[in-house]
Structures are given as C-alpha cells and as structure tokens.
Amino acid sequence: MANNTIKLKKKELVANDTMAFHWEMPEGFEFKAGQLTHIKLINPEEIDEEGTQRALSLVYAPSENELVTATRLRDSAFKRELKDLPEGSEVEFDGANGSFTLHKTESTPAVFLIGGIGITPIRSMIAEATNQQTDHDLTLLYSNKTPDDAPFLSDLEDMEKRNPHFTFVPVMTRADENEWNGETGHIDADMLKRYVSDINKPIYYLSGPGGMIKAMQEMLIEAGVNEDNIRTEEFPGY
Ligand SMILES: Cc1cc2nc3c(=O)[nH]c(=O)nc-3n(C[C@H](O)[C@H](O)[C@H](O)COP(=O)(O)OP(=O)(O)OC[C@H]3O[C@@H](n4cnc5c(N)ncnc54)[C@H](O)[C@@H]3O)c2cc1C
C-alpha cells in the first residue's frame with residue numbers, strides 16, 4: 001500500500017450503527033464513482049487477526065468534491081478504533097481502486113438491487129449520473145430493516161427529485177406499517193417487474209454482504225436475466 005496519509009475532517013452517524021467518515025481530499029486526487037480505497041490505521045492501540053486495514057468504497061461522487069467512506073460499526077478492533085478516531089487524526093490510504101463503475105452507454109438502463117451498507121458505491125454512481133445529468137435510466141431497489149437502518153436515505157430521495165431518469169424504491173423488511181407506506185418485504189422478481197418493464201434490458205449492479213448478493217443473483221437468473229448483465233462487488237466480513 002502506498003504511503004499516503006489523509007486526515008479525518010468529520011464523523012457522522014448516517015443510520016443505526018452506521019458512521020460516515022469525511023476525509024480531507026488530497027490535492028489532485030482523482031477517482032471514479034463506484035471505486036474504493038483501502039484505509040489503514042496508524043499505530044492503533046488494538047489490532048485483531050484481520051489486521052489494521054479494510055477496503056471501503058468511496059460514498060460520494062467525484063462531482064461532490066468530498067472524500068467519504070462509511071461503514072456499519074461492528075465489533076472488530078478496526079471498527080472500534082475507527083469509530084473512536086479523533087477528528088484531525090491521520091490514516092494511510094492507497095488512492096482509488098476497482099472497476100465497479102457505471103457502464104458508459106447511456107441508452108442501457110441500470111438497475112441496482114442493494115441491501116444496507118452495500119449502498120456505498122451506488123450512492124456515488126447515482127450522485128455522479130445526477131450531477132452530470134446523464135441520460136442513464138436508473139432504478140434503485142434499496143432494502144433495509146427500517147428507515148432508521150437505511151444509510152443515505154434522504155440523499156437518495158433528494159437525488160430522485162433532481163434526476164428525472166432516477167426511480168428510487170426504498171424497501172423495508174421490518175418497518176412499522178403505521179409509519180411506512182412504501183414497499184415492504186424482500187426484493188423478489190414480482191417487485192422487480194413492477195418497476196422494470198423489460199428485465200432483460202438493464203445492467204444489474206449488486207453490492208454489499210455476500211448473502212444479499214447471492215440471493216439477488218439467484219433471483220435474477222431464475223427470472224431469466226443473462227448472467228453477463230450482472231455486476232457484483234462483494235463486501236467480505238459481513
Ligand atoms: C471492494 C470492497 C468494497 C468494500 N466497501 C465497504 C464499504 O463501503 N463499507 C463497509 O463497511 N465495508 C466495505 N467492505 C468490506 C470491508 O472491507 C470489511 O470487510 C467489512 O466492513 C467488515 O469489517 P469488520 O472489521 O467489521 O469485520 P472483520 O473483522 O474484517 O471480519 C469479520 C468476520 O468476517 C471474516 N472475514 C473478514 N474478511 C474476510 C474475507 N476477506 N473473506 C472471508 N471472510 C472474511 C472474518 O474472519 C471474521 O469472521 C468492502 C470490501 C470490498 C472488498
């Protein structure tokens with residue numbers, strides 16, 4: 001890993017047990033929406049067997065000019081140290097990596113089937129397409145237990161208002177029915193077909209914990225979607 005450092009500007013809770021970290025943008029830093037970086041703690045007090053470094057997707061778009069990562073605060077040494085990192089602290093990072101980026105052909109629709117923290121690279125892609133006013137037809141089915149568990153829910157609602165080509169479908173699996181009148185239950189082929197008229201046309205993007213990716217992959221293939229049109233980014237450790 002290259003020996004660059006970045007400084008923590010701000011931490012914020014963006015959902016239950018979910019924290020976003022805003023880092024100072026290094027001069028000349030360039031990345032593509034959907035890419036990730038590796039964050040490595042410097043001299044942490046506590047280290048466990050998974051070590052001091054994790055891959056984390058860049059949550060904001062290049063056009064938002066903010067370097068942000070976000071994670072569920074689980075009980076690993078890395079996450080405990082990161083959560084308590086004082087603002088102004090430095091970590092090592094290795095720039096932008098990965099090829100999980102939105103396809104270029106704007107006439108081909110994109111469908112994102114996402115659960116929870118898997119939203120991180122997708123928020124970046126949708127924000128970039130919205131800010132650059134591309135013609136991509138974008139549909140996001142975004143599953144969480146309750147609205148309070150859904151990172152960046154209000155950002156996505158705002159993007160839907162600004163982008164006439166973006167359809168946002170938040171889906172709650174355990175919401176109180178008196179407080180939630182949107183989609184409920186698990187994302188399945190029937191739900192997909194309510195929002196996507198020709199399911200063979202889009203490129204599908206799946207990111208996040210392996211269980212969710214596997215379930216969505218199986219659902220799509222069973223529904224007849226060509227495997228070549230499914231792109232995945234698995235987050236291990238969840
Ligand atoms: C391309 C990419 C992008 C990612 N983006 C994000 C993101 O935006 N936000 C986010 O929160 N996480 C992201 N991750 C996952 C992240 O790197 C951590 O793995 C995850 O957050 C879990 O970390 P942890 O410290 O909670 O658990 P860990 O202590 O790392 O792991 C918990 C459990 O998972 C097992 N485990 C850990 N790593 C692996 C592995 N590689 N293979 C199999 N089992 C493993 C451990 O043995 C342990 O049992 C991304 C991963 C990749 C590869």
# chains A, B, ... in the order shown; residues from 1 in each chain; ligands from 1
call {"tool": "closest_atom_pairs", "arguments": {"of": "chain A", "to": "ligand 1", "cutoff": "9 Å", "atoms": "only C-alpha atoms and all ligand atoms", "output": "JSON lines"}}
result
{"residue": "A:Thr18", "atom": "CA", "partner": "ligand 1", "partner_atom_place_in_ligand_line": "11 (O)", "distance": 8.4}
{"residue": "A:Gln35", "atom": "CA", "partner": "ligand 1", "partner_atom_place_in_ligand_line": "1 (C)", "distance": 7.8}
{"residue": "A:Leu36", "atom": "CA", "partner": "ligand 1", "partner_atom_place_in_ligand_line": "3 (C)", "distance": 5.8}
{"residue": "A:Thr37", "atom": "CA", "partner": "ligand 1", "partner_atom_place_in_ligand_line": "3 (C)", "distance": 7.8}
{"residue": "A:His38", "atom": "CA", "partner": "ligand 1", "partner_atom_place_in_ligand_line": "17 (O)", "distance": 7.9}
{"residue": "A:Ile39", "atom": "CA", "partner": "ligand 1", "partner_atom_place_in_ligand_line": "17 (O)", "distance": 9.0}
{"residue": "A:Asp48", "atom": "CA", "partner": "ligand 1", "partner_atom_place_in_ligand_line": "29 (O)", "distance": 7.3}
{"residue": "A:Glu49", "atom": "CA", "partner": "ligand 1", "partner_atom_place_in_ligand_line": "29 (O)", "distance": 7.4}
{"residue": "A:Glu50", "atom": "CA", "partner": "ligand 1", "partner_atom_place_in_ligand_line": "29 (O)", "distance": 5.3}
{"residue": "A:Gly51", "atom": "CA", "partner": "ligand 1", "partner_atom_place_in_ligand_line": "30 (O)", "distance": 8.0}
{"residue": "A:Thr52", "atom": "CA", "partner": "ligand 1", "partner_atom_place_in_ligand_line": "25 (O)", "distance": 8.9}
{"residue": "A:Gln53", "atom": "CA", "partner": "ligand 1", "partner_atom_place_in_ligand_line": "17 (O)", "distance": 7.9}
{"residue": "A:Arg54", "atom": "CA", "partner": "ligand 1", "partner_atom_place_in_ligand_line": "17 (O)", "distance": 4.1}
{"residue": "A:Ala55", "atom": "CA", "partner": "ligand 1", "partner_atom_place_in_ligand_line": "17 (O)", "distance": 3.8}
{"residue": "A:Leu56", "atom": "CA", "partner": "ligand 1", "partner_atom_place_in_ligand_line": "5 (N)", "distance": 3.7}
{"residue": "A:Ser57", "atom": "CA", "partner": "ligand 1", "partner_atom_place_in_ligand_line": "8 (O)", "distance": 3.8}
{"residue": "A:Leu58", "atom": "CA", "partner": "ligand 1", "partner_atom_place_in_ligand_line": "8 (O)", "distance": 6.6}
{"residue": "A:Val59", "atom": "CA", "partner": "ligand 1", "partner_atom_place_in_ligand_line": "8 (O)", "distance": 7.0}
{"residue": "A:Thr69", "atom": "CA", "partner": "ligand 1", "partner_atom_place_in_ligand_line": "8 (O)", "distance": 6.1}
{"residue": "A:Ala70", "atom": "CA", "partner": "ligand 1", "partner_atom_place_in_ligand_line": "9 (N)", "distance": 5.3}
{"residue": "A:Thr71", "atom": "CA", "partner": "ligand 1", "partner_atom_place_in_ligand_line": "11 (O)", "distance": 3.4}
{"residue": "A:Arg72", "atom": "CA", "partner": "ligand 1", "partner_atom_place_in_ligand_line": "11 (O)", "distance": 5.2}
{"residue": "A:Leu73", "atom": "CA", "partner": "ligand 1", "partner_atom_place_in_ligand_line": "26 (O)", "distance": 6.8}
{"residue": "A:Arg74", "atom": "CA", "partner": "ligand 1", "partner_atom_place_in_ligand_line": "26 (O)", "distance": 4.8}
{"residue": "A:Asp75", "atom": "CA", "partner": "ligand 1", "partner_atom_place_in_ligand_line": "26 (O)", "distance": 6.3}
{"residue": "A:Ser76", "atom": "CA", "partner": "ligand 1", "partner_atom_place_in_ligand_line": "25 (O)", "distance": 4.7}
{"residue": "A:Ala77", "atom": "CA", "partner": "ligand 1", "partner_atom_place_in_ligand_line": "25 (O)", "distance": 6.8}
{"residue": "A:Phe78", "atom": "CA", "partner": "ligand 1", "partner_atom_place_in_ligand_line": "25 (O)", "distance": 5.3}
{"residue": "A:Lys79", "atom": "CA", "partner": "ligand 1", "partner_atom_place_in_ligand_line": "25 (O)", "distance": 5.3}
{"residue": "A:Arg80", "atom": "CA", "partner": "ligand 1", "partner_atom_place_in_ligand_line": "25 (O)", "distance": 8.5}
{"residue": "A:Asn97", "atom": "CA", "partner": "ligand 1", "partner_atom_place_in_ligand_line": "1 (C)", "distance": 8.3}
{"residue": "A:Gly98", "atom": "CA", "partner": "ligand 1", "partner_atom_place_in_ligand_line": "1 (C)", "distance": 7.0}
{"residue": "A:Phe100", "atom": "CA", "partner": "ligand 1", "partner_atom_place_in_ligand_line": "1 (C)", "distance": 8.2}
{"residue": "A:Ile117", "atom": "CA", "partner": "ligand 1", "partner_atom_place_in_ligand_line": "9 (N)", "distance": 6.0}
{"residue": "A:Gly118", "atom": "CA", "partner": "ligand 1", "partner_atom_place_in_ligand_line": "8 (O)", "distance": 6.8}
{"residue": "A:Ile119", "atom": "CA", "partner": "ligand 1", "partner_atom_place_in_ligand_line": "8 (O)", "distance": 7.7}
{"residue": "A:Thr120", "atom": "CA", "partner": "ligand 1", "partner_atom_place_in_ligand_line": "8 (O)", "distance": 4.9}
{"residue": "A:Pro121", "atom": "CA", "partner": "ligand 1", "partner_atom_place_in_ligand_line": "8 (O)", "distance": 6.7}
{"residue": "A:Ser207", "atom": "CA", "partner": "ligand 1", "partner_atom_place_in_ligand_line": "3 (C)", "distance": 8.3}
{"residue": "A:Gly208", "atom": "CA", "partner": "ligand 1", "partner_atom_place_in_ligand_line": "13 (C)", "distance": 7.2}
{"residue": "A:Pro209", "atom": "CA", "partner": "ligand 1", "partner_atom_place_in_ligand_line": "15 (C)", "distance": 7.9}
{"residue": "A:Glu233", "atom": "CA", "partner": "ligand 1", "partner_atom_place_in_ligand_line": "1 (C)", "distance": 5.8}
{"residue": "A:Glu234", "atom": "CA", "partner": "ligand 1", "partner_atom_place_in_ligand_line": "53 (C)", "distance": 5.9}
{"residue": "A:Phe235", "atom": "CA", "partner": "ligand 1", "partner_atom_place_in_ligand_line": "51 (C)", "distance": 3.8}
{"residue": "A:Pro236", "atom": "CA", "partner": "ligand 1", "partner_atom_place_in_ligand_line": "19 (O)", "distance": 4.5}
{"residue": "A:Gly237", "atom": "CA", "partner": "ligand 1", "partner_atom_place_in_ligand_line": "34 (O)", "distance": 3.0}
{"residue": "A:Tyr238", "atom": "CA", "partner": "ligand 1", "partner_atom_place_in_ligand_line": "22 (C)", "distance": 5.5}
call {"tool": "select_by_dssp", "arguments": {"residues": "segment 16-210 of chain A", "states": "strand (DSSP E)", "output": "number ranges by chain"}}
result
A: 18-23, 36-40, 53-57, 67-72, 90-93, 110-115, 138-144, 166-172, 183-184, 203-209
call {"tool": "residues_around", "arguments": {"residues": "Gln133 of chain A", "least_positions_apart": "4", "cutoff": "10 Å", "atoms": "only C-alpha atoms", "output": "list in words"}}
result
Ala127, Glu128, Ala129, Arg162, Asn163, Pro164 and His165 of chain A
call {"tool": "residues_around", "arguments": {"residues": "Glu87 of chain A", "least_positions_apart": "5", "cutoff": "12 Å", "atoms": "only C-alpha atoms", "output": "PyMOL selection string"}}
result
chain A and resi 6-12+21-24+82
call {"tool": "write_last_selection", "arguments": {"atoms": "N, CA and C atoms", "output": "short mmCIF file (atom, residue, chain, number, x, y, z; two decimals), in the first residue's frame"}}
result
data_model
loop_
_atom_site.label_atom_id
_atom_site.label_comp_id
_atom_site.auth_asym_id
_atom_site.auth_seq_id
_atom_site.Cartn_x
_atom_site.Cartn_y
_atom_site.Cartn_z
N ILE A 6 -4.22 10.59 4.87
CA ILE A 6 -5.34 11.54 4.81
C ILE A 6 -5.81 11.82 6.22
N LYS A 7 -6.38 13.02 6.39
CA LYS A 7 -6.78 13.47 7.73
C LYS A 7 -8.29 13.40 7.87
N LEU A 8 -8.76 12.94 9.03
CA LEU A 8 -10.20 12.87 9.29
C LEU A 8 -10.74 14.26 9.59
N LYS A 9 -11.74 14.68 8.78
CA LYS A 9 -12.34 16.01 9.00
C LYS A 9 -13.54 15.92 9.92
N LYS A 10 -14.38 14.88 9.67
CA LYS A 10 -15.67 14.84 10.37
C LYS A 10 -16.21 13.41 10.39
N LYS A 11 -16.89 13.06 11.50
CA LYS A 11 -17.60 11.77 11.55
C LYS A 11 -19.08 12.08 11.73
N GLU A 12 -19.94 11.27 11.13
CA GLU A 12 -21.38 11.48 11.36
C GLU A 12 -22.11 10.15 11.31
N PHE A 21 -17.36 8.81 7.40
CA PHE A 21 -16.10 9.48 7.74
C PHE A 21 -15.73 10.39 6.58
N HIS A 22 -15.64 11.68 6.85
CA HIS A 22 -15.25 12.64 5.81
C HIS A 22 -13.75 12.92 5.98
N TRP A 23 -13.00 12.69 4.91
CA TRP A 23 -11.54 12.84 4.95
C TRP A 23 -11.14 14.08 4.14
N GLU A 24 -10.01 14.67 4.51
CA GLU A 24 -9.50 15.78 3.70
C GLU A 24 -9.08 15.25 2.35
N LEU A 82 -11.67 2.90 14.55
CA LEU A 82 -12.13 3.90 13.57
C LEU A 82 -13.21 4.79 14.18
#
call {"tool": "residues_around", "arguments": {"residues": "Thr105 of chain A", "least_positions_apart": "3", "cutoff": "9 Å", "atoms": "only C-alpha atoms", "output": "list in words"}}
result
Thr108, Pro109 and His136 of chain A
call {"tool": "write_last_selection", "arguments": {"atoms": "all heavy atoms", "output": "mmCIF file, in the first residue's frame"}}
result
data_model
loop_
_atom_site.group_PDB
_atom_site.id
_atom_site.type_symbol
_atom_site.label_atom_id
_atom_site.label_comp_id
_atom_site.auth_asym_id
_atom_site.auth_seq_id
_atom_site.Cartn_x
_atom_site.Cartn_y
_atom_site.Cartn_z
ATOM 1 N N THR A 108 -28.498 2.172 -22.227
ATOM 2 C CA THR A 108 -28.709 0.922 -21.473
ATOM 3 C C THR A 108 -29.053 1.272 -20.029
ATOM 4 O O THR A 108 -28.267 1.921 -19.342
ATOM 5 C CB THR A 108 -27.435 0.043 -21.513
ATOM 6 O OG1 THR A 108 -27.121 -0.236 -22.871
ATOM 7 C CG2 THR A 108 -27.639 -1.251 -20.752
ATOM 8 N N PRO A 109 -30.243 0.845 -19.546
ATOM 9 C CA PRO A 109 -30.618 1.186 -18.169
ATOM 10 C C PRO A 109 -29.740 0.462 -17.139
ATOM 11 O O PRO A 109 -29.142 -0.579 -17.448
ATOM 12 C CB PRO A 109 -32.065 0.673 -18.049
ATOM 13 C CG PRO A 109 -32.497 0.296 -19.419
ATOM 14 C CD PRO A 109 -31.276 0.057 -20.237
ATOM 15 N N HIS A 136 -28.735 8.051 -18.447
ATOM 16 C CA HIS A 136 -28.949 6.690 -17.947
ATOM 17 C C HIS A 136 -30.292 6.610 -17.217
ATOM 18 O O HIS A 136 -30.569 7.428 -16.339
ATOM 19 C CB HIS A 136 -27.889 6.306 -16.907
ATOM 20 C CG HIS A 136 -26.517 6.112 -17.431
ATOM 21 N ND1 HIS A 136 -25.559 7.096 -17.415
ATOM 22 C CD2 HIS A 136 -25.921 5.013 -17.955
ATOM 23 C CE1 HIS A 136 -24.431 6.620 -17.908
ATOM 24 N NE2 HIS A 136 -24.624 5.357 -18.249
#
call {"tool": "closest_residue", "arguments": {"among": "A:Thr101, A:Asn181, A:Asn229, A:Thr173", "to": "Ile199 of chain A", "atoms": "only C-alpha atoms"}}
result
A:Asn229
call {"tool": "closest_residue", "arguments": {"among": "A:Ile114, A:Ile187, A:Met219, A:Leu153", "to": "Thr232 of chain A", "atoms": "only C-alpha atoms"}}
result
A:Ile114
call {"tool": "residues_around", "arguments": {"residues": "Glu160 of chain A", "least_positions_apart": "3", "cutoff": "12 Å", "atoms": "only C-alpha atoms", "output": "PyMOL selection string"}}
result
chain A and resi 123+126-127+129-131+137-140+153-157+163-170
call {"tool": "closest_residue", "arguments": {"among": "A:Asp17, A:Asp188, A:Glu30, A:Glu81", "to": "Pro62 of chain A", "atoms": "only C-alpha atoms"}}
result
A:Glu30
call {"tool": "atom_distance", "arguments": {"atom1": "atom CA of Gln132 of chain A", "atom2": "atom CA of Ser63 of chain A"}}
result
7.9 Å
call {"tool": "atom_distance", "arguments": {"atom1": "atom CA of Asp228 of chain A", "atom2": "atom CA of Tyr204 of chain A"}}
result
9.4 Å
call {"tool": "select_by_dssp", "arguments": {"residues": "segment 18-230 of chain A", "states": "helix (DSSP H, G or I)", "output": "NGL selection string"}}
result
:A and (62-64 or 77-84 or 116-131 or 147-149 or 153-162 or 189-195 or 210-222 or 227-229)
call {"tool": "residues_around", "arguments": {"residues": "Met172 of chain A", "least_positions_apart": "5", "cutoff": "6 Å", "atoms": "only C-alpha atoms", "output": "list in words"}}
result
Ser143, Asn144, Lys145, Thr146 and Thr184 of chain A
call {"tool": "write_last_selection", "arguments": {"atoms": "N, CA, C and O atoms", "output": "compact mmCIF listing (two decimals), in the first residue's frame"}}
result
# COMPACT_ATOMS: atom_id res chain seq x y z
N SER A 143 -33.03 -2.17 0.05
CA SER A 143 -33.65 -2.90 1.15
C SER A 143 -32.95 -2.65 2.49
O SER A 143 -31.71 -2.73 2.58
N ASN A 144 -33.74 -2.34 3.50
CA ASN A 144 -33.25 -2.19 4.88
C ASN A 144 -34.34 -2.69 5.82
O ASN A 144 -35.49 -2.83 5.42
N LYS A 145 -33.97 -2.88 7.10
CA LYS A 145 -35.00 -3.31 8.07
C LYS A 145 -36.02 -2.19 8.26
O LYS A 145 -37.21 -2.39 8.13
N THR A 146 -35.54 -1.01 8.60
CA THR A 146 -36.42 0.15 8.85
C THR A 146 -35.75 1.39 8.24
O THR A 146 -34.55 1.35 7.94
N THR A 184 -42.63 -3.15 1.12
CA THR A 184 -42.20 -3.93 2.28
C THR A 184 -41.84 -5.35 1.83
O THR A 184 -42.16 -5.75 0.70
call {"tool": "closest_residue", "arguments": {"among": "A:Ile230, A:Leu67, A:Leu41, A:Leu113", "to": "Tyr195 of chain A", "atoms": "only C-alpha atoms"}}
result
A:Leu113
call {"tool": "atom_distance", "arguments": {"atom1": "atom CA of Glu218 of chain A", "atom2": "atom CA of Met191 of chain A"}}
result
14.9 Å
call {"tool": "closest_residue", "arguments": {"among": "A:Ile47, A:Met125, A:Gly95, A:Gly116", "to": "Tyr60 of chain A", "atoms": "only C-alpha atoms"}}
result
A:Met125
